[in-house]
Amino acid sequence: MTNENGAVRASSDVSIITLGCRLNTYESEVMRGHADKAGLEDAVIINTCAVTGEAVRQALQTIRRVRRERPDAKIIVTGCAAQIEPERFAEIEAVDHVIGNGEKMQAATFQALASGSAGRMRVNDIMSVKETASHMIGGFGTRTRAYVQVQNGCDHRCTFCIIPYGRGPSRSVAAGEIVGEIRKLVENGYREVVLTGVDITSYGRDLPGQPTLGNLVRRILKLVPELARLRLSSIDQVEVDDEFWRALAEEERLMPHLHLSMQSGDDMVLKRMKRRHLRADAISFCDKARKVRSDVVFGADLIAGFPTETVAMFENTLDLVSACGLTYLHVFPFSPREGTPAAKMPQVTRRAVKERAQRLREEGDVALRAFLDAQTGREAEILLEKSQFGRTQHFAETNVDVAGTAGGMLRARITGNDGRRLRAEVVS
């Protein structure tokens with residue numbers, strides 16, 4: 001399988017190439033297990049993303065590359081791009097099978113692929129899917145960090161986003177099943193778990209009693225006391241509940257790093273995006289989080305050059321970095337995605353989009369450097385991902401001076417940084 005960068009890791013003679021989000025990473029592991037049990041042979045599964053037009057182009061490029069490198073292998077295309085445009089991929093001569101997002105999670109799909117009874121296209125209406133089943137995964141590539149799907153789909157309709165049509169309606173995994181999976185991962189040596197989904201702050205609305213994300217976090221930490229670290233993937237700050245705030249305040253094993261789906265710092269742009277918050281809501285959330293957990297740090301998704309965005313509107317987004325005290329920025333230059341309302345709006349010039357994205361990244365670099373500088377002299381727990389590399393509780397990349405084993409936890413004193421990563425000396 002692969003990570004978001006698209007590097008291949010093989011499972012026997014089946015390789016999985018994962019493009020896109022952390023949820024895809026989790027689902028690739030589910031497919032790996034199904035493929036192994038079914039006895040699928042000599043195949044490459046490409047788990048695609050559809051969040052932007054560029055993501056789809058990357059999927060098409062990957063298909064061509066794989067066919068050159070593995071001329072005799074079965075090429076199986078799945079993921080959001082395949083779900084949204086199955087015919088487009090089925091028409092590609094290099095593609096042997098197109099599998100929908102629902103079908104890729106079913107063992108029967110891989111049994112059919114292995115036996116040769118699967119048709120060329122196996123894609124059903126994702127909007128008809130009413131539940132998300134739990135899938136027990138024993139582990140990932142290393143014993144460091146595991147992703148656990150708690151929710152799938154989205155009921156919102158942001159004007160720039162095609163993903164609801166690839167993922168279907170919001171649906172949640174029962175808490176007991178999530179706890180069981182996390183307990184299994186911890187027993188297999190994992191120290192850190194990331195709860196992932198498309199819109200995890202909508203968790204529980206479709207379940208009996210309508211539990212919330214905060215309820216789920218508290219339950220996990222209570223019932224799996226051996227879990228060292230719990231993280232959350234991207235959250236929508238206007239949807240968090242009271243239990244979430246209590247968990248952030250009281251649960252030290254809930255890491256003080258929150259990644260926020262902000263997208264813009266200008267109210268008019270946010271309205272045209274059909275977001276559910278305004279600029280003041282974002283600032284208020286960050287202020288409250290710091291009062292609850294003084295050492296919390298924030299990441300944020302921000303879009304540069306959304307249609308109709310003026311210079312003044314962009315400046316409001318640029319200013320949001322300091323107004324909210326953001327540390328880690330994920331900057332997306334807007335690119336129109338066919339099939340979304342934003343693609344039909346008056347577009348900002350590509351040059352302006354590129355320049356604004358660069359300015360946001362530069363502002364993010366300054367913010368990250370300031371945060372890293374402030375860590376010098378402090379001690380931190382480092383969870384190793386490689387021999388001498390790991391991450392702090394705040395998700396800061398850290399190089400340590402003593403070699404260790406991936407998955408090990410070290411206490412270290414921060415001695416400096418290079419602008420991107422901390423340097424640290426191991427204390428214990």
# chains A, B, ... in the order shown; residues from 1 in each chain; ligands from 1
call {"tool": "select_by_dssp", "arguments": {"residues": "region 42-104 of chain A", "states": "strand (DSSP E or B)", "output": "ChimeraX atom specification"}}
result
/A:43-48,74-79,97-99
call {"tool": "residues_around", "arguments": {"residues": "Gly214 (chain A)", "least_positions_apart": "2", "cutoff": "10 Å", "atoms": "only C-alpha atoms", "output": "list of chain:residue names"}}
result
A:Thr201, A:Tyr203, A:Pro211, A:Thr212, A:Leu216, A:Val217, A:Arg218, A:Arg219, A:Val240, A:Asp241, A:Asp242, A:Glu243, A:Phe244, A:Trp245, A:Arg246, A:Ala247, A:Leu248
call {"tool": "write_last_selection", "arguments": {"atoms": "C-alpha atoms", "output": "PDB file, in the first residue's frame"}}
result
ATOM      1  CA  THR A 201     -17.743  16.169  14.167  1.00  0.00           C
ATOM      2  CA  TYR A 203     -20.399  11.614  14.468  1.00  0.00           C
ATOM      3  CA  PRO A 211     -23.834  10.154  20.841  1.00  0.00           C
ATOM      4  CA  THR A 212     -21.353  12.887  19.945  1.00  0.00           C
ATOM      5  CA  LEU A 216     -16.820   8.831  21.741  1.00  0.00           C
ATOM      6  CA  VAL A 217     -13.471  10.316  22.771  1.00  0.00           C
ATOM      7  CA  ARG A 218     -14.285   9.987  26.471  1.00  0.00           C
ATOM      8  CA  ARG A 219     -15.453   6.401  26.012  1.00  0.00           C
ATOM      9  CA  VAL A 240     -18.045  20.413  18.560  1.00  0.00           C
ATOM     10  CA  ASP A 241     -20.076  19.522  21.639  1.00  0.00           C
ATOM     11  CA  ASP A 242     -19.748  20.101  25.393  1.00  0.00           C
ATOM     12  CA  GLU A 243     -18.254  16.645  25.951  1.00  0.00           C
ATOM     13  CA  PHE A 244     -15.515  17.515  23.491  1.00  0.00           C
ATOM     14  CA  TRP A 245     -14.577  20.565  25.550  1.00  0.00           C
ATOM     15  CA  ARG A 246     -14.526  18.470  28.728  1.00  0.00           C
ATOM     16  CA  ALA A 247     -12.327  15.882  27.044  1.00  0.00           C
ATOM     17  CA  LEU A 248      -9.900  18.543  25.826  1.00  0.00           C
TER      18      LEU A 248
END
call {"tool": "residues_around", "arguments": {"residues": "region 151-164 of chain A", "least_positions_apart": "6", "cutoff": "8 Å", "atoms": "only C-alpha atoms", "output": "list in words"}}
result
Ala50, Val51, Cys80, Thr132, Ser170, Arg171, Ser172, Val173, Thr196, Gly197, Val198, Asp199, Ile200, Tyr203, Arg272, Met273, Lys274, Arg275, Pro336, Arg337, Gly339, Thr340, Pro341, Ala342 and Ala343 of chain A
call {"tool": "write_last_selection", "arguments": {"atoms": "N, CA and C atoms", "output": "mmCIF file, in the first residue's frame"}}
result
data_model
loop_
_atom_site.group_PDB
_atom_site.id
_atom_site.type_symbol
_atom_site.label_atom_id
_atom_site.label_comp_id
_atom_site.auth_asym_id
_atom_site.auth_seq_id
_atom_site.Cartn_x
_atom_site.Cartn_y
_atom_site.Cartn_z
ATOM 1 N N ALA A 50 -10.743 12.592 -5.278
ATOM 2 C CA ALA A 50 -11.459 13.434 -6.240
ATOM 3 C C ALA A 50 -11.654 14.849 -5.742
ATOM 4 N N VAL A 51 -10.899 15.242 -4.702
ATOM 5 C CA VAL A 51 -11.180 16.514 -4.047
ATOM 6 C C VAL A 51 -10.974 17.704 -4.984
ATOM 7 N N CYS A 80 -12.769 7.766 -4.483
ATOM 8 C CA CYS A 80 -13.784 8.788 -4.788
ATOM 9 C C CYS A 80 -13.871 9.128 -6.270
ATOM 10 N N THR A 132 -22.115 2.591 7.962
ATOM 11 C CA THR A 132 -20.705 2.314 7.762
ATOM 12 C C THR A 132 -20.313 1.212 8.720
ATOM 13 N N SER A 170 -23.761 11.125 5.602
ATOM 14 C CA SER A 170 -23.008 10.897 6.830
ATOM 15 C C SER A 170 -23.559 9.685 7.573
ATOM 16 N N ARG A 171 -22.647 8.818 8.017
ATOM 17 C CA ARG A 171 -23.036 7.633 8.764
ATOM 18 C C ARG A 171 -21.883 7.244 9.683
ATOM 19 N N SER A 172 -22.223 6.722 10.837
ATOM 20 C CA SER A 172 -21.249 6.522 11.905
ATOM 21 C C SER A 172 -21.076 5.049 12.236
ATOM 22 N N VAL A 173 -19.906 4.723 12.785
ATOM 23 C CA VAL A 173 -19.620 3.382 13.282
ATOM 24 C C VAL A 173 -19.964 3.354 14.775
ATOM 25 N N THR A 196 -10.594 9.045 12.280
ATOM 26 C CA THR A 196 -10.707 9.665 10.970
ATOM 27 C C THR A 196 -12.076 9.420 10.349
ATOM 28 N N GLY A 197 -12.413 10.257 9.392
ATOM 29 C CA GLY A 197 -13.677 10.177 8.669
ATOM 30 C C GLY A 197 -13.763 11.364 7.730
ATOM 31 N N VAL A 198 -14.889 11.531 7.083
ATOM 32 C CA VAL A 198 -15.074 12.670 6.191
ATOM 33 C C VAL A 198 -15.478 13.907 6.980
ATOM 34 N N ASP A 199 -16.353 13.726 7.977
ATOM 35 C CA ASP A 199 -16.860 14.842 8.787
ATOM 36 C C ASP A 199 -17.069 14.328 10.201
ATOM 37 N N ILE A 200 -15.966 14.113 10.941
ATOM 38 C CA ILE A 200 -16.075 13.374 12.198
ATOM 39 C C ILE A 200 -16.837 14.128 13.276
ATOM 40 N N TYR A 203 -20.303 12.977 13.958
ATOM 41 C CA TYR A 203 -20.399 11.614 14.468
ATOM 42 C C TYR A 203 -21.619 11.427 15.367
ATOM 43 N N ARG A 272 -20.227 32.291 0.493
ATOM 44 C CA ARG A 272 -20.267 31.767 -0.873
ATOM 45 C C ARG A 272 -19.773 30.329 -0.936
ATOM 46 N N MET A 273 -18.966 29.940 0.020
ATOM 47 C CA MET A 273 -18.559 28.542 0.130
ATOM 48 C C MET A 273 -19.652 27.671 0.742
ATOM 49 N N LYS A 274 -20.648 28.306 1.373
ATOM 50 C CA LYS A 274 -21.695 27.634 2.150
ATOM 51 C C LYS A 274 -21.097 26.918 3.360
ATOM 52 N N ARG A 275 -20.108 27.559 3.973
ATOM 53 C CA ARG A 275 -19.596 27.054 5.235
ATOM 54 C C ARG A 275 -20.586 27.383 6.341
ATOM 55 N N PRO A 336 -10.989 24.768 -9.855
ATOM 56 C CA PRO A 336 -12.401 24.429 -10.032
ATOM 57 C C PRO A 336 -12.591 22.937 -10.253
ATOM 58 N N ARG A 337 -13.511 22.366 -9.498
ATOM 59 C CA ARG A 337 -13.845 20.947 -9.648
ATOM 60 C C ARG A 337 -15.154 20.846 -10.414
ATOM 61 N N GLY A 339 -18.607 19.957 -11.719
ATOM 62 C CA GLY A 339 -19.728 19.385 -10.991
ATOM 63 C C GLY A 339 -20.050 20.101 -9.699
ATOM 64 N N THR A 340 -19.251 21.117 -9.338
ATOM 65 C CA THR A 340 -19.515 21.883 -8.122
ATOM 66 C C THR A 340 -19.985 23.294 -8.478
ATOM 67 N N PRO A 341 -20.817 23.922 -7.631
ATOM 68 C CA PRO A 341 -21.259 25.293 -7.899
ATOM 69 C C PRO A 341 -20.113 26.276 -8.041
ATOM 70 N N ALA A 342 -19.028 26.089 -7.273
ATOM 71 C CA ALA A 342 -17.913 27.039 -7.318
ATOM 72 C C ALA A 342 -17.244 27.066 -8.691
ATOM 73 N N ALA A 343 -17.333 25.972 -9.422
ATOM 74 C CA ALA A 343 -16.714 25.922 -10.754
ATOM 75 C C ALA A 343 -17.407 26.864 -11.726
#
call {"tool": "residues_around", "arguments": {"residues": "Cys324 (chain A)", "least_positions_apart": "5", "cutoff": "8 Å", "atoms": "only C-alpha atoms", "output": "list in words"}}
result
Ala282, Ile283, Cys286 and Asp287 of chain A
call {"tool": "write_last_selection", "arguments": {"atoms": "N, CA and C atoms", "output": "mmCIF file, in the first residue's frame"}}
result
data_model
loop_
_atom_site.group_PDB
_atom_site.id
_atom_site.type_symbol
_atom_site.label_atom_id
_atom_site.label_comp_id
_atom_site.auth_asym_id
_atom_site.auth_seq_id
_atom_site.Cartn_x
_atom_site.Cartn_y
_atom_site.Cartn_z
ATOM 1 N N ALA A 282 -14.462 31.237 14.190
ATOM 2 C CA ALA A 282 -13.159 30.580 14.176
ATOM 3 C C ALA A 282 -12.253 31.149 15.266
ATOM 4 N N ILE A 283 -12.229 32.470 15.376
ATOM 5 C CA ILE A 283 -11.390 33.116 16.383
ATOM 6 C C ILE A 283 -11.869 32.756 17.787
ATOM 7 N N CYS A 286 -10.788 29.175 18.806
ATOM 8 C CA CYS A 286 -9.379 29.075 19.181
ATOM 9 C C CYS A 286 -9.120 29.707 20.545
ATOM 10 N N ASP A 287 -9.765 30.837 20.810
ATOM 11 C CA ASP A 287 -9.618 31.487 22.119
ATOM 12 C C ASP A 287 -10.119 30.570 23.232
#
call {"tool": "residues_around", "arguments": {"residues": "Met268 (chain A)", "least_positions_apart": "4", "cutoff": "12 Å", "atoms": "only C-alpha atoms", "output": "ChimeraX atom specification"}}
result
/A:264,272-275,277-279,306-310,312-314,316-317
call {"tool": "closest_residue", "arguments": {"among": "A:Ala280, A:Ala289, A:Met262, A:Leu230", "to": "His330 (chain A)", "atoms": "only C-alpha atoms"}}
result
A:Met262
call {"tool": "residues_around", "arguments": {"residues": "Tyr328 (chain A)", "least_positions_apart": "2", "cutoff": "8 Å", "atoms": "only C-alpha atoms", "output": "list of chain:residue names"}}
result
A:Phe298, A:Gly299, A:Ala300, A:Leu326, A:His330, A:Gly364, A:Ala367, A:Leu368
call {"tool": "write_last_selection", "arguments": {"atoms": "C-alpha atoms", "output": "PDB file, in the first residue's frame"}}
result
ATOM      1  CA  PHE A 298      -3.914  24.473  15.666  1.00  0.00           C
ATOM      2  CA  GLY A 299      -3.600  23.363  12.095  1.00  0.00           C
ATOM      3  CA  ALA A 300      -6.017  24.605   9.449  1.00  0.00           C
ATOM      4  CA  LEU A 326      -2.450  28.939  13.697  1.00  0.00           C
ATOM      5  CA  HIS A 330      -2.562  23.173   4.747  1.00  0.00           C
ATOM      6  CA  GLY A 364       2.517  29.599   7.707  1.00  0.00           C
ATOM      7  CA  ALA A 367       4.032  30.891  12.317  1.00  0.00           C
ATOM      8  CA  LEU A 368       5.613  27.428  12.439  1.00  0.00           C
TER       9      LEU A 368
END
call {"tool": "closest_atom_pairs", "arguments": {"of": "region 135-249 of chain A", "to": "region 388-405 of chain A", "cutoff": "10 Å", "atoms": "only C-alpha atoms", "output": "JSON lines"}}
result
{"residue": "A:Arg143", "atom": "CA", "partner": "A:Thr405", "partner_atom": "CA", "distance": 9.4}
{"residue": "A:Thr144", "atom": "CA", "partner": "A:Gly390", "partner_atom": "CA", "distance": 9.3}
{"residue": "A:Arg229", "atom": "CA", "partner": "A:Gln393", "partner_atom": "CA", "distance": 8.2}
{"residue": "A:Leu230", "atom": "CA", "partner": "A:Gln393", "partner_atom": "CA", "distance": 9.9}
{"residue": "A:Arg231", "atom": "CA", "partner": "A:Gln393", "partner_atom": "CA", "distance": 9.4}
call {"tool": "select_by_dssp", "arguments": {"residues": "region 202-416 of chain A", "states": "alpha helix (DSSP H)", "output": "PyMOL selection string"}}
result
chain A and resi 213-223+242-250+267-273+279-292+311-324+350-374
call {"tool": "residues_around", "arguments": {"residues": "Ala424 (chain A)", "least_positions_apart": "2", "cutoff": "6 Å", "atoms": "only C-alpha atoms", "output": "list in words"}}
result
Val400, Ala412, Arg413, Ile414 and Thr415 of chain A
call {"tool": "atom_distance", "arguments": {"atom1": "CA of Arg167 (chain A)", "atom2": "CA of Arg361 (chain A)"}}
result
29.4 Å
call {"tool": "closest_residue", "arguments": {"among": "A:Leu113, A:Ala380, A:Leu60, A:Val14", "to": "Ile45 (chain A)", "atoms": "only C-alpha atoms"}}
result
A:Val14
